[in-house]
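**Student:** Sharing start03.txt below, compact mmCIF, C-alpha atoms and all ligand atoms:
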```
# COMPACT_ATOMS: atom_id res chain seq x y z
CA MET A 30 16.93 -20.61 17.45
CA ARG A 31 14.83 -18.52 19.79
CA THR A 32 13.59 -14.95 19.34
CA GLN A 33 10.89 -12.73 20.79
CA VAL A 34 9.03 -11.92 17.55
CA CYS A 35 9.39 -13.98 14.38
CA ILE A 36 8.42 -11.80 11.42
CA ILE A 37 7.37 -13.59 8.23
CA GLY A 38 7.96 -11.37 5.18
CA GLY A 39 10.63 -8.77 4.49
CA GLY A 40 8.45 -6.24 2.65
CA PRO A 41 7.67 -2.79 4.05
CA SER A 42 5.45 -4.12 6.90
CA GLY A 43 7.95 -6.66 8.19
CA LEU A 44 10.96 -4.36 7.86
CA LEU A 45 9.28 -1.38 9.51
CA LEU A 46 7.95 -3.51 12.36
CA GLY A 47 11.37 -5.08 12.87
CA GLN A 48 13.12 -1.73 13.01
CA LEU A 49 10.59 -0.16 15.41
CA LEU A 50 10.80 -3.19 17.73
CA HIS A 51 14.59 -3.19 17.58
CA ARG A 52 14.58 0.40 18.87
CA GLN A 53 12.53 -0.80 21.84
CA GLY A 54 15.05 -3.55 22.57
CA ILE A 55 12.74 -6.31 21.29
CA GLU A 56 14.50 -9.02 19.31
CA THR A 57 13.16 -10.14 15.93
CA VAL A 58 14.09 -12.51 13.11
CA ILE A 59 12.73 -11.79 9.62
CA LEU A 60 12.11 -14.67 7.19
CA GLU A 61 11.88 -13.54 3.56
CA ARG A 62 11.06 -15.93 0.72
CA LYS A 63 12.85 -13.92 -1.99
CA THR A 64 16.25 -12.25 -2.39
CA LYS A 65 16.89 -8.68 -1.28
CA ASP A 66 17.35 -7.56 -4.90
CA TYR A 67 14.00 -9.05 -5.85
CA VAL A 68 12.18 -7.16 -3.07
CA LEU A 69 13.99 -3.92 -3.94
CA GLY A 70 13.12 -4.32 -7.62
CA ARG A 71 9.36 -4.29 -7.01
CA ILE A 72 7.99 -0.95 -8.24
CA ARG A 73 4.92 -0.25 -6.16
CA ALA A 74 3.63 2.55 -3.94
CA GLY A 75 4.93 6.10 -3.96
CA ILE A 76 2.77 8.29 -1.72
CA LEU A 77 3.31 8.34 2.04
CA GLU A 78 0.75 9.65 4.53
CA ARG A 79 1.89 11.74 7.50
CA GLY A 80 1.48 8.70 9.80
CA THR A 81 3.80 6.58 7.64
CA VAL A 82 6.31 9.43 7.52
CA GLY A 83 6.12 9.68 11.33
CA LEU A 84 6.75 5.93 11.73
CA MET A 85 9.79 6.08 9.44
CA ARG A 86 11.22 8.85 11.61
CA GLU A 87 10.35 6.95 14.79
CA ALA A 88 12.17 3.93 13.36
CA GLY A 89 15.25 6.13 12.89
CA VAL A 90 15.19 5.84 9.10
CA GLY A 91 13.64 9.18 8.12
CA ALA A 92 16.76 11.17 7.22
CA ARG A 93 17.01 10.36 3.50
CA MET A 94 13.23 10.49 3.13
CA ASP A 95 13.15 13.96 4.69
CA ARG A 96 15.95 15.08 2.37
CA GLU A 97 14.73 13.60 -0.89
CA CYS A 98 10.94 13.39 -0.70
CA PHE A 99 8.59 15.79 -2.45
CA VAL A 100 5.89 17.41 -0.35
CA HIS A 101 2.46 17.47 -2.01
CA ASP A 102 -0.04 19.95 -0.60
CA GLY A 103 -2.82 18.96 -2.95
CA THR A 104 -3.93 16.90 -5.93
CA VAL A 105 -5.75 17.50 -9.20
CA ILE A 106 -8.98 15.68 -10.06
CA SER A 107 -10.09 15.81 -13.67
CA TYR A 108 -13.07 14.49 -15.55
CA GLY A 109 -12.76 14.80 -19.31
CA ASP A 110 -11.35 18.26 -19.92
CA ASP A 111 -12.63 19.71 -16.65
CA GLN A 112 -10.23 19.83 -13.70
CA PHE A 113 -10.03 21.14 -10.16
CA ARG A 114 -7.58 21.00 -7.30
CA ILE A 115 -8.09 19.65 -3.79
CA ASP A 116 -5.91 21.54 -1.35
CA PHE A 117 -4.82 19.17 1.44
CA THR A 118 -3.14 21.87 3.50
CA GLU A 119 -6.12 24.20 3.39
CA HIS A 120 -8.50 21.44 4.50
CA THR A 121 -6.32 19.52 6.95
CA GLY A 122 -3.21 21.57 7.71
CA SER A 123 -1.19 18.59 6.50
CA HIS A 124 0.16 17.01 3.31
CA VAL A 125 1.49 13.76 1.83
CA VAL A 126 4.99 13.10 0.49
CA VAL A 127 6.24 11.35 -2.63
CA TYR A 128 8.85 8.76 -1.67
CA GLY A 129 8.94 5.42 -3.45
CA GLN A 130 8.27 2.13 -1.67
CA THR A 131 11.58 0.90 -3.12
CA GLU A 132 13.41 3.77 -1.39
CA MET A 133 11.61 3.17 1.89
CA THR A 134 12.45 -0.54 1.71
CA ARG A 135 16.09 0.22 0.90
CA ASP A 136 16.39 2.54 3.94
CA LEU A 137 14.88 -0.13 6.19
CA TYR A 138 17.17 -2.89 4.85
CA GLU A 139 20.22 -0.69 5.40
CA ALA A 140 19.15 0.15 8.95
CA ARG A 141 18.56 -3.53 9.77
CA GLU A 142 21.93 -4.53 8.35
CA ALA A 143 23.64 -1.69 10.25
CA VAL A 144 22.39 -3.02 13.60
CA GLY A 145 23.16 -6.62 12.64
CA ALA A 146 19.59 -7.88 13.13
CA LEU A 147 18.90 -11.19 11.40
CA ILE A 148 17.05 -11.47 8.11
CA VAL A 149 16.98 -14.83 6.36
CA TYR A 150 16.57 -14.46 2.59
CA GLU A 151 15.29 -17.27 0.36
CA ALA A 152 13.61 -18.96 3.31
CA GLU A 153 11.50 -21.72 1.76
CA GLY A 154 8.53 -23.65 3.10
CA VAL A 155 7.87 -21.26 5.98
CA THR A 156 5.31 -22.95 8.27
CA ILE A 157 3.60 -21.66 11.41
CA HIS A 158 3.09 -24.10 14.29
CA GLY A 159 1.18 -23.77 17.57
CA ALA A 160 0.11 -20.15 17.09
CA ASP A 161 -2.87 -20.82 19.37
CA SER A 162 -0.70 -22.38 22.08
CA ASP A 163 2.13 -21.32 24.38
CA ALA A 164 4.65 -23.13 22.17
CA ALA A 165 4.48 -21.03 19.00
CA HIS A 166 7.24 -21.74 16.51
CA VAL A 167 8.06 -21.35 12.83
CA THR A 168 9.97 -23.76 10.62
CA TYR A 169 11.61 -23.03 7.28
CA VAL A 170 14.10 -24.57 4.88
CA LYS A 171 17.29 -22.77 3.88
CA ASP A 172 19.81 -24.36 1.49
CA GLY A 173 18.11 -27.72 1.92
CA THR A 174 18.25 -27.73 5.74
CA GLU A 175 15.18 -27.32 7.96
CA HIS A 176 15.40 -24.76 10.77
CA ARG A 177 13.11 -24.01 13.71
CA ILE A 178 12.53 -20.68 15.45
CA ASP A 179 10.76 -20.68 18.83
CA CYS A 180 9.19 -17.33 19.63
CA ASP A 181 6.77 -15.41 21.83
CA PHE A 182 4.84 -14.02 18.86
CA ILE A 183 4.60 -14.35 15.08
CA ALA A 184 3.99 -11.32 12.86
CA GLY A 185 2.45 -12.37 9.53
CA CYS A 186 3.78 -9.64 7.20
CA ASP A 187 3.99 -11.88 4.13
CA GLY A 188 1.62 -10.12 1.76
CA PHE A 189 -1.51 -11.32 0.03
CA HIS A 190 0.01 -14.58 -1.25
CA GLY A 191 1.80 -15.50 1.99
CA VAL A 192 1.21 -18.38 4.39
CA SER A 193 0.26 -16.49 7.55
CA ARG A 194 -3.37 -15.77 6.79
CA GLN A 195 -3.89 -19.41 5.72
CA ALA A 196 -2.64 -20.55 9.15
CA ILE A 197 -5.82 -19.18 10.74
CA PRO A 198 -8.49 -21.91 10.62
CA LEU A 199 -11.36 -21.33 8.22
CA SER A 200 -13.77 -21.74 11.12
CA THR A 201 -12.28 -18.60 12.69
CA ARG A 202 -11.50 -16.57 9.58
CA ARG A 203 -13.99 -14.50 7.59
CA GLU A 204 -13.00 -12.96 4.27
CA TYR A 205 -14.61 -10.09 2.36
CA GLU A 206 -13.68 -9.49 -1.26
CA LYS A 207 -14.52 -7.42 -4.31
CA ILE A 208 -12.78 -8.04 -7.63
CA TYR A 209 -12.96 -5.10 -10.05
CA PRO A 210 -13.57 -5.81 -13.76
CA PHE A 211 -10.44 -3.92 -14.89
CA GLY A 212 -6.75 -3.49 -14.10
CA TRP A 213 -4.13 -0.74 -14.16
CA LEU A 214 -1.42 -0.69 -16.79
CA GLY A 215 1.47 1.20 -15.19
CA VAL A 216 4.65 2.53 -16.77
CA LEU A 217 7.76 4.13 -15.36
CA SER A 218 9.58 6.56 -17.64
CA GLU A 219 12.65 8.74 -17.24
CA THR A 220 10.80 11.90 -18.19
CA PRO A 221 9.79 14.94 -16.12
CA PRO A 222 6.31 14.56 -14.54
CA VAL A 223 3.56 16.24 -16.54
CA HIS A 224 2.43 18.22 -13.50
CA GLU A 225 3.89 19.10 -10.10
CA GLU A 226 1.03 17.28 -8.31
CA LEU A 227 -0.75 14.01 -9.07
CA ILE A 228 -3.62 14.07 -11.55
CA TYR A 229 -6.44 11.55 -10.90
CA ALA A 230 -8.34 11.52 -14.18
CA GLY A 231 -11.75 10.12 -15.05
CA SER A 232 -12.84 10.08 -18.70
CA GLU A 233 -15.24 8.34 -21.04
CA ARG A 234 -12.28 6.11 -22.09
CA GLY A 235 -11.53 5.14 -18.48
CA PHE A 236 -9.29 6.17 -15.61
CA ALA A 237 -5.72 7.53 -15.73
CA LEU A 238 -3.26 8.61 -13.06
CA CYS A 239 -0.26 10.87 -13.56
CA SER A 240 2.15 10.26 -10.70
CA MET A 241 5.89 10.54 -10.17
CA ARG A 242 8.93 9.37 -8.24
CA ASN A 243 11.25 12.35 -8.76
CA ALA A 244 11.96 15.33 -11.02
CA ASN A 245 12.97 13.06 -13.89
CA LEU A 246 11.05 9.87 -13.16
CA SER A 247 7.35 9.68 -13.91
CA ARG A 248 4.83 6.98 -13.05
CA TYR A 249 1.71 6.84 -15.22
CA TYR A 250 -1.23 4.45 -15.16
CA ILE A 251 -4.25 3.83 -17.35
CA GLN A 252 -7.23 1.62 -16.60
CA CYS A 253 -7.07 -1.42 -18.91
CA SER A 254 -8.91 -4.63 -19.60
CA LEU A 255 -8.09 -7.64 -17.43
CA SER A 256 -7.41 -9.62 -20.58
CA ASP A 257 -4.64 -7.19 -21.68
CA SER A 258 -1.00 -8.04 -21.21
CA PRO A 259 1.81 -5.43 -21.04
CA SER A 260 3.19 -6.65 -24.38
CA ASP A 261 -0.12 -5.68 -26.04
CA TRP A 262 0.76 -2.06 -25.34
CA THR A 263 3.57 -0.41 -27.29
CA ASP A 264 4.98 2.73 -25.71
CA ALA A 265 3.37 4.82 -28.47
CA ALA A 266 -0.06 3.26 -27.83
CA PHE A 267 0.27 3.87 -24.09
CA TRP A 268 1.17 7.55 -24.47
CA GLN A 269 -1.59 8.10 -27.00
CA GLU A 270 -4.21 6.56 -24.70
CA LEU A 271 -2.97 8.47 -21.66
CA LYS A 272 -3.24 11.76 -23.56
CA ARG A 273 -6.83 11.00 -24.48
CA ARG A 274 -7.80 10.57 -20.82
CA ILE A 275 -6.29 13.70 -19.27
CA PRO A 276 -7.24 17.35 -19.85
CA GLY A 277 -5.91 18.82 -23.12
CA GLU A 278 -3.67 21.27 -21.29
CA HIS A 279 -1.76 18.38 -19.68
CA ALA A 280 -1.86 16.17 -22.77
CA ASP A 281 -0.13 18.95 -24.70
CA ALA A 282 2.52 19.35 -21.98
CA LEU A 283 3.20 15.59 -21.56
CA VAL A 284 6.81 14.67 -22.26
CA THR A 285 6.94 11.10 -23.57
CA GLY A 286 9.90 8.76 -23.88
CA PRO A 287 10.82 5.10 -23.67
CA THR A 288 9.26 3.28 -20.73
CA ILE A 289 11.62 1.47 -18.35
CA GLU A 290 8.96 -0.68 -16.69
CA LYS A 291 5.51 -1.75 -17.79
CA SER A 292 3.17 -3.96 -15.78
CA ILE A 293 -0.50 -4.68 -15.20
CA ALA A 294 -2.02 -4.90 -11.71
CA PRO A 295 -5.54 -6.26 -11.18
CA LEU A 296 -7.70 -4.26 -8.76
CA ARG A 297 -9.10 -5.92 -5.66
CA SER A 298 -10.63 -4.97 -2.31
CA PHE A 299 -10.07 -7.65 0.35
CA VAL A 300 -10.22 -7.88 4.13
CA THR A 301 -9.79 -10.86 6.42
CA GLU A 302 -11.09 -10.85 9.99
CA PRO A 303 -9.83 -11.23 12.66
CA MET A 304 -6.24 -10.02 12.24
CA ARG A 305 -5.08 -11.96 15.29
CA TRP A 306 -5.19 -15.65 16.11
CA GLY A 307 -3.52 -16.57 19.37
CA ARG A 308 0.12 -15.53 19.06
CA LEU A 309 -0.14 -14.79 15.33
CA PHE A 310 -0.79 -11.19 14.21
CA LEU A 311 -1.45 -10.29 10.56
CA CYS A 312 -0.07 -7.03 9.20
CA GLY A 313 -0.44 -5.24 5.85
CA ASP A 314 -1.30 -7.00 2.60
CA ALA A 315 -1.43 -10.34 4.44
CA ALA A 316 -4.74 -9.15 5.89
CA HIS A 317 -6.11 -6.64 3.40
CA ILE A 318 -5.79 -5.29 -0.13
CA VAL A 319 -7.16 -2.08 -1.61
CA PRO A 320 -7.30 -0.88 -5.20
CA PRO A 321 -4.43 1.63 -5.59
CA THR A 322 -6.77 4.59 -6.24
CA GLY A 323 -6.07 6.87 -3.28
CA ALA A 324 -2.67 5.37 -2.33
CA LYS A 325 -3.82 3.49 0.75
CA GLY A 326 -2.12 0.05 0.44
CA LEU A 327 1.31 0.78 1.86
CA ASN A 328 -0.08 3.37 4.25
CA THR A 329 -2.63 0.99 5.73
CA ALA A 330 0.12 -1.61 6.16
CA ALA A 331 2.03 1.05 8.11
CA SER A 332 -0.94 1.78 10.38
CA ASP A 333 -1.18 -1.94 11.24
CA VAL A 334 2.52 -1.82 12.09
CA HIS A 335 1.82 1.11 14.41
CA TYR A 336 -0.86 -0.80 16.34
CA LEU A 337 1.18 -4.01 16.52
CA TYR A 338 4.43 -2.32 17.47
CA THR A 339 2.64 -0.37 20.22
CA GLY A 340 0.91 -3.53 21.48
CA LEU A 341 4.11 -5.59 21.55
CA THR A 342 6.07 -2.82 23.27
CA GLN A 343 3.38 -2.53 25.94
CA HIS A 344 3.32 -6.33 26.34
CA TYR A 345 7.00 -6.42 27.22
CA GLN A 346 6.31 -3.64 29.74
CA GLY A 347 3.60 -5.79 31.37
CA ASP A 348 0.43 -4.43 29.70
CA ASP A 349 -1.49 -6.67 27.24
CA GLU A 350 -4.31 -4.29 26.34
CA GLY A 351 -2.71 -3.24 23.01
CA LEU A 352 -2.28 -6.85 21.87
CA GLU A 353 -5.76 -7.85 23.05
CA ARG A 354 -7.29 -5.01 21.04
CA TYR A 355 -4.90 -5.14 18.05
CA SER A 356 -7.35 -6.74 15.62
CA GLU A 357 -10.23 -4.46 16.58
CA ARG A 358 -8.16 -1.26 16.34
CA ALA A 359 -6.38 -2.18 13.11
CA LEU A 360 -9.61 -3.29 11.42
CA ALA A 361 -11.47 -0.12 12.38
CA ARG A 362 -8.95 1.90 10.38
CA VAL A 363 -8.59 -0.71 7.61
CA TRP A 364 -12.31 -0.57 6.80
CA LYS A 365 -12.21 3.22 6.46
CA ALA A 366 -9.26 2.95 4.06
CA GLU A 367 -11.19 0.24 2.15
CA ARG A 368 -14.20 2.55 1.89
CA PHE A 369 -12.11 5.47 0.65
CA SER A 370 -10.23 3.42 -1.97
CA TRP A 371 -13.46 1.84 -3.20
CA SER A 372 -15.23 5.22 -3.45
CA MET A 373 -12.29 6.86 -5.30
CA THR A 374 -12.26 3.90 -7.69
CA ASN A 375 -16.00 4.22 -8.34
CA LEU A 376 -15.73 7.97 -8.79
CA LEU A 377 -13.26 7.83 -11.67
CA HIS A 378 -13.29 4.42 -13.38
CA ARG A 379 -15.45 3.29 -16.28
CA TYR A 380 -17.08 -0.09 -15.48
CA PRO A 381 -17.83 -2.22 -18.55
CA ASP A 382 -21.51 -2.59 -17.56
CA MET A 383 -22.22 1.06 -16.71
CA SER A 384 -25.59 2.26 -17.97
CA PRO A 385 -26.16 5.86 -19.14
CA PHE A 386 -27.82 6.41 -15.75
CA ASP A 387 -24.73 5.12 -13.89
CA ILE A 388 -22.54 7.50 -15.90
CA LYS A 389 -24.80 10.44 -15.01
CA MET A 390 -24.52 9.48 -11.34
CA GLN A 391 -20.73 9.41 -11.60
CA GLN A 392 -20.71 12.82 -13.29
CA ALA A 393 -22.98 14.20 -10.55
CA ASP A 394 -20.60 12.82 -7.89
CA VAL A 395 -17.65 14.58 -9.51
CA ALA A 396 -19.65 17.82 -9.95
CA PHE A 397 -20.64 17.74 -6.27
CA LEU A 398 -17.02 17.23 -5.22
CA ARG A 399 -15.96 20.09 -7.49
CA SER A 400 -18.43 22.54 -5.99
CA ASN A 401 -18.62 21.47 -2.34
CA THR A 402 -15.94 22.49 0.12
CA GLN A 403 -17.01 19.94 2.74
CA ALA A 404 -16.83 17.11 0.21
CA GLN A 405 -13.31 18.24 -0.70
CA SER A 406 -12.42 18.35 2.98
CA VAL A 407 -13.62 14.74 3.42
CA LEU A 408 -11.47 13.62 0.50
CA ALA A 409 -8.45 15.57 1.79
CA GLN A 410 -8.76 14.08 5.31
CA ASN A 411 -8.89 10.57 3.92
CA TYR A 412 -6.07 11.17 1.46
CA ILE A 413 -3.57 12.56 3.94
CA GLY A 414 -4.50 9.67 6.26
CA LEU A 415 -6.94 9.26 9.12
CA PRO A 416 -5.41 9.52 12.60
CA TYR A 417 -4.17 6.33 14.29
C1 LIG B 501 1.67 -3.07 -8.70
C2 LIG B 501 1.33 -2.50 -7.36
C3 LIG B 501 1.20 -1.13 -7.21
C4 LIG B 501 0.91 -0.59 -5.97
N1 LIG B 501 0.76 0.76 -5.86
C5 LIG B 501 0.49 1.29 -4.65
C6 LIG B 501 0.36 2.70 -4.48
O1 LIG B 501 0.48 3.47 -5.42
N2 LIG B 501 0.09 3.17 -3.25
C7 LIG B 501 -0.03 2.35 -2.16
O2 LIG B 501 -0.24 2.83 -1.04
N3 LIG B 501 0.07 1.02 -2.29
C8 LIG B 501 0.32 0.48 -3.50
N4 LIG B 501 0.45 -0.86 -3.64
C9 LIG B 501 0.28 -1.67 -2.45
C10 LIG B 501 1.55 -1.72 -1.64
O3 LIG B 501 2.64 -1.99 -2.47
C11 LIG B 501 1.37 -2.82 -0.58
O4 LIG B 501 0.25 -2.47 0.20
C12 LIG B 501 2.59 -3.00 0.29
O5 LIG B 501 3.65 -3.57 -0.43
C13 LIG B 501 2.25 -3.90 1.48
O6 LIG B 501 3.42 -4.22 2.18
P1 LIG B 501 3.52 -5.62 2.93
O7 LIG B 501 4.88 -5.61 3.54
O8 LIG B 501 2.34 -5.79 3.82
O9 LIG B 501 3.40 -6.73 1.81
P2 LIG B 501 4.39 -7.05 0.60
O10 LIG B 501 4.99 -5.81 0.05
O11 LIG B 501 3.64 -7.94 -0.32
O12 LIG B 501 5.57 -7.86 1.28
C14 LIG B 501 5.41 -9.19 1.71
C15 LIG B 501 6.75 -9.86 1.72
O13 LIG B 501 6.59 -11.18 2.20
C16 LIG B 501 7.31 -12.08 1.38
N5 LIG B 501 6.66 -13.40 1.46
C17 LIG B 501 5.52 -13.79 0.86
N6 LIG B 501 5.26 -15.07 1.19
C18 LIG B 501 6.23 -15.48 2.01
C19 LIG B 501 6.49 -16.68 2.68
N7 LIG B 501 5.68 -17.73 2.53
N8 LIG B 501 7.59 -16.77 3.46
C20 LIG B 501 8.42 -15.70 3.61
N9 LIG B 501 8.22 -14.52 2.99
C21 LIG B 501 7.13 -14.40 2.21
C22 LIG B 501 7.26 -11.47 0.00
O14 LIG B 501 8.33 -11.90 -0.83
C23 LIG B 501 7.35 -9.99 0.33
O15 LIG B 501 8.68 -9.53 0.34
C24 LIG B 501 0.73 -1.44 -4.86
C25 LIG B 501 0.86 -2.81 -5.00
C26 LIG B 501 1.15 -3.35 -6.24
C27 LIG B 501 1.26 -4.84 -6.38
```
Rewrite the structure from the file as structure tokens, please.
**Tutor:**
Amino acid sequence: MRTQVCIIGGGPSGLLLGQLLHRQGIETVILERKTKDYVLGRIRAGILERGTVGLMREAGVGARMDRECFVHDGTVISYGDDQFRIDFTEHTGSHVVVYGQTEMTRDLYEAREAVGALIVYEAEGVTIHGADSDAAHVTYVKDGTEHRIDCDFIAGCDGFHGVSRQAIPLSTRREYEKIYPFGWLGVLSETPPVHEELIYAGSERGFALCSMRNANLSRYYIQCSLSDSPSDWTDAAFWQELKRRIPGEHADALVTGPTIEKSIAPLRSFVTEPMRWGRLFLCGDAAHIVPPTGAKGLNTAASDVHYLYTGLTQHYQGDDEGLERYSERALARVWKAERFSWSMTNLLHRYPDMSPFDIKMQQADVAFLRSNTQAQSVLAQNYIGLPY
């Protein structure tokens, strides 16, 4: 088989890239290791920046999002019982929207199926060959038979545990990593959200986040120990701990109920450089990971897609500048998202080895943010998403 761009990974990065390229008349094949149901069942991100929203519309898949999303003009930050609001619209003239990654992925799958573009599910043993040559190709095994796809370019959209990043030789690749000494225990519950906007909560017992998917579906997280497992936490224990970490007013208003999903995610900051090797381009979690504080993971994947889609479109129009500068442009924005996610994590989490001095510094950081309009403006600009 031959195609113009072989996309490895059918998560949000690969699907969005495929749809944008399709609209430019560029042919793609997507190779996905799992089944469609498996990908759609992954409960992950829920906040979309304006740039991600714009890309969804540009890909022709924005209609349901525009109908069903919730616009958020601000967010609440709390520390113990004290709380304040950061007004995104006042500081930036813009906002974010709540629209689940599962919904975004579903819209993209449906659009791809509607145009009959190829996606191979349960593609095993995906291997990249000749990415640094003019004979790039990808092989994979489906139902016991090996297949080969010759292509102009390979987009490595296969997430943190994929094969694309590993295809870049260690002599070329440089990796930067920070592992945080805690995780997030997240639950989904069919209850109304405790507040109309997100609450990012710091407390002496650790971090908590009150988020949502819709008017009757709430997403809550609490910072937990890396040695915890979801089965250690009964629903009652989870709700009790969440209430202890958010201001009393919200704890009193919290509607609890059975949880329908419970999982623990470790927190990590990670970047690999460069994001291009010959004809291979890395996109999204394949190249970088952020802790979820600040909702940058999916949105940074989308900004990579923007740079790559623009570069590939220009290439087929005879201009290679966008591809030549892809890694540099994507990384410049990635590092700013890394900085923001890291600083939001430090602002609100309790590290096991924090000294009384460290805690005072954290409290002073929060107090400064509470009282300083410029500091709030900086947070708002980062939260709604830096320009591409
Ligand atoms: C628990 C959790 C919560 C999160 N919460 C948030 C949040 O609140 N806000 C936010 O912005 N971000 C969040 N993120 C991050 C966000 O989900 C990711 O940044 C986003 O999914 C990245 O999309 P991607 O397409 O680059 O990678 P992925 O979503 O990882 O998709 C990669 C795809 O490639 C496939 N694949 C992997 N290996 C191979 C292979 N060898 N061959 C073929 N296919 C392969 C995988 O099956 C997968 O479908 C969260 C992540 C997790 C894990």
**Student:** Determine the nearest neighbour of Gln392 (chain A) from the options A:Ile76, A:Gly70, A:Leu376, A:Ile275, counting only C-alpha atoms.
**Tutor:** A:Leu376
**Student:** Please give me, as a ChimeraX atom specification, the residues lying within 8 Å of ligand LIG 501 (chain B) when counting all atoms listed in the file.
**Tutor:** /A:37-44,60-63,68,71-77,130,151-156,186-193,215,292-294,312-315,318-330
**Student:** For CA of Met133 (chain A) and CA of Met30 (chain A), determine how far apart the two atoms are, in Å to one decimal place.
**Tutor:**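 Interatomic distance, CA of Met133 (chain A) to CA of Met30 (chain A): 28.9 Å.
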**Student:** Which value, in Å to one decimal, gives the distance between CA of His166 (chain A) and CA of Arg358 (chain A)?
**Tutor:**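 Atom-to-atom, CA of His166 (chain A) to CA of Arg358 (chain A), that is 25.6 Å.
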**Student:** Residues around (-3.6, -21.5, 24.5), cut-off 12 Å, counting only C-alpha atoms - what are they as a list in words?
**Tutor:**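 Here the neighbourhood of the point contains Gly159, Ala160, Asp161, Ser162, Asp163, Ala164, Ala165, Trp306, Gly307, Arg308 and Leu309 of chain A.
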**Student:** Just checking: using all atoms listed in the file, which residue out of A:Phe267, A:Tyr338, A:Phe113, A:Tyr150 ends up closest to Val58 (chain A)?
**Tutor:** A:Tyr150
**Student:** Using only C-alpha atoms, which residues sit within 9 Å of Ile55 (chain A) once same-chain residues fewer than 2 positions away are excluded, as a short mmCIF file (atom, residue, chain, number, x, y, z; two decimals) with C-alpha atoms, in the frame of the given file?
**Tutor:**
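Result written to part-v2.cif:
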```cif
data_model
loop_
_atom_site.label_atom_id
_atom_site.label_comp_id
_atom_site.auth_asym_id
_atom_site.auth_seq_id
_atom_site.Cartn_x
_atom_site.Cartn_y
_atom_site.Cartn_z
CA THR A 32 13.59 -14.95 19.34
CA GLN A 33 10.89 -12.73 20.79
CA VAL A 34 9.03 -11.92 17.55
CA GLY A 47 11.37 -5.08 12.87
CA LEU A 49 10.59 -0.16 15.41
CA LEU A 50 10.80 -3.19 17.73
CA HIS A 51 14.59 -3.19 17.58
CA ARG A 52 14.58 0.40 18.87
CA GLN A 53 12.53 -0.80 21.84
CA THR A 57 13.16 -10.14 15.93
CA LEU A 341 4.11 -5.59 21.55
CA THR A 342 6.07 -2.82 23.27
CA TYR A 345 7.00 -6.42 27.22
#
```
**Student:** Give the answer as one residue: which of A:Ser260, A:Gln346, A:Asn411, A:Thr134 has the shortest atom-to-atom distance to Gly91 (chain A), using only C-alpha atoms?
**Tutor:** A:Thr134
**Student:** Can you tell me, as a list of chain:residue names, what residues are no more than 12 Å from Ile289 (chain A) when counting only C-alpha atoms, ignoring any on the same chain fewer than 4 positions away?
**Tutor:**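 Listed by chain and then number, they are A:Ile72, A:Gly215, A:Val216, A:Leu217, A:Ser218, A:Glu219, A:Thr220, A:Leu246, A:Ser247, A:Arg248, A:Tyr249, A:Asp264, A:Thr285.
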**Student:** I need the residues from that last selection saved to file as a PDB file, keeping the file's coordinate frame (with C-alpha atoms), if you can.
**Tutor:**
```pdb
ATOM      1  CA  ILE A  72       7.990  -0.950  -8.240  1.00  0.00           C
ATOM      2  CA  GLY A 215       1.470   1.200 -15.190  1.00  0.00           C
ATOM      3  CA  VAL A 216       4.650   2.530 -16.770  1.00  0.00           C
ATOM      4  CA  LEU A 217       7.760   4.130 -15.360  1.00  0.00           C
ATOM      5  CA  SER A 218       9.580   6.560 -17.640  1.00  0.00           C
ATOM      6  CA  GLU A 219      12.650   8.740 -17.240  1.00  0.00           C
ATOM      7  CA  THR A 220      10.800  11.900 -18.190  1.00  0.00           C
ATOM      8  CA  LEU A 246      11.050   9.870 -13.160  1.00  0.00           C
ATOM      9  CA  SER A 247       7.350   9.680 -13.910  1.00  0.00           C
ATOM     10  CA  ARG A 248       4.830   6.980 -13.050  1.00  0.00           C
ATOM     11  CA  TYR A 249       1.710   6.840 -15.220  1.00  0.00           C
ATOM     12  CA  ASP A 264       4.980   2.730 -25.710  1.00  0.00           C
ATOM     13  CA  THR A 285       6.940  11.100 -23.570  1.00  0.00           C
TER      14      THR A 285
END
```
**Student:** Of the candidates A:Phe369, A:Tyr229, A:Tyr336, A:Phe310, which one gets nearest to Leu84 (chain A) if we count all atoms listed in the file?
**Tutor:** A:Tyr336
**Student:** Taking 3 positions as the minimum chain separation for residues in the same chain, which residues sit within 10 Å of Ala409 (chain A) when counting all atoms listed in the file? Answer as a list of chain:residue names.
**Tutor:**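 My list of contacting residues is A:Asp102, A:Gly103, A:Thr104, A:Ile115, A:Asp116, A:Phe117, A:Thr118, A:Glu119, A:His120, A:Thr121, A:Gly122, A:Ser123, A:His124, A:Gln403, A:Ala404, A:Gln405, A:Ser406, A:Tyr412, A:Ile413, A:Gly414, A:Leu415.
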**Student:** Report the distance between CA of Ile183 (chain A) and CA of Val363 (chain A) in Å, rounded to one decimal place.
**Tutor:**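 Answer for the CA of Ile183 (chain A) to CA of Val363 (chain A) separation: 20.4 Å.
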**Student:** My list of candidates is A:Ser107, A:Asn401, A:Ser298, A:Ser332. Which is closest to Ile208 (chain A) when distances are computed with all atoms listed in the file?
**Tutor:** A:Ser298
**Student:** Fewer than 6 positions away in the same chain doesn't count, so skip those; otherwise give me all residues within 8 Å of Cys253 (chain A), counting all atoms listed in the file, as a PyMOL selection string.
**Tutor:** chain A and resi 211-214+235
**Student:** Of the candidates A:Ser258, A:Trp371, A:Pro295, A:Glu233, which shows the shortest atom-to-atom distance to Lys389 (chain A), using all atoms listed in the file?
**Tutor:**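 Looking only at the distances to Lys389 (chain A), the closest residue turns out to be A:Glu233.
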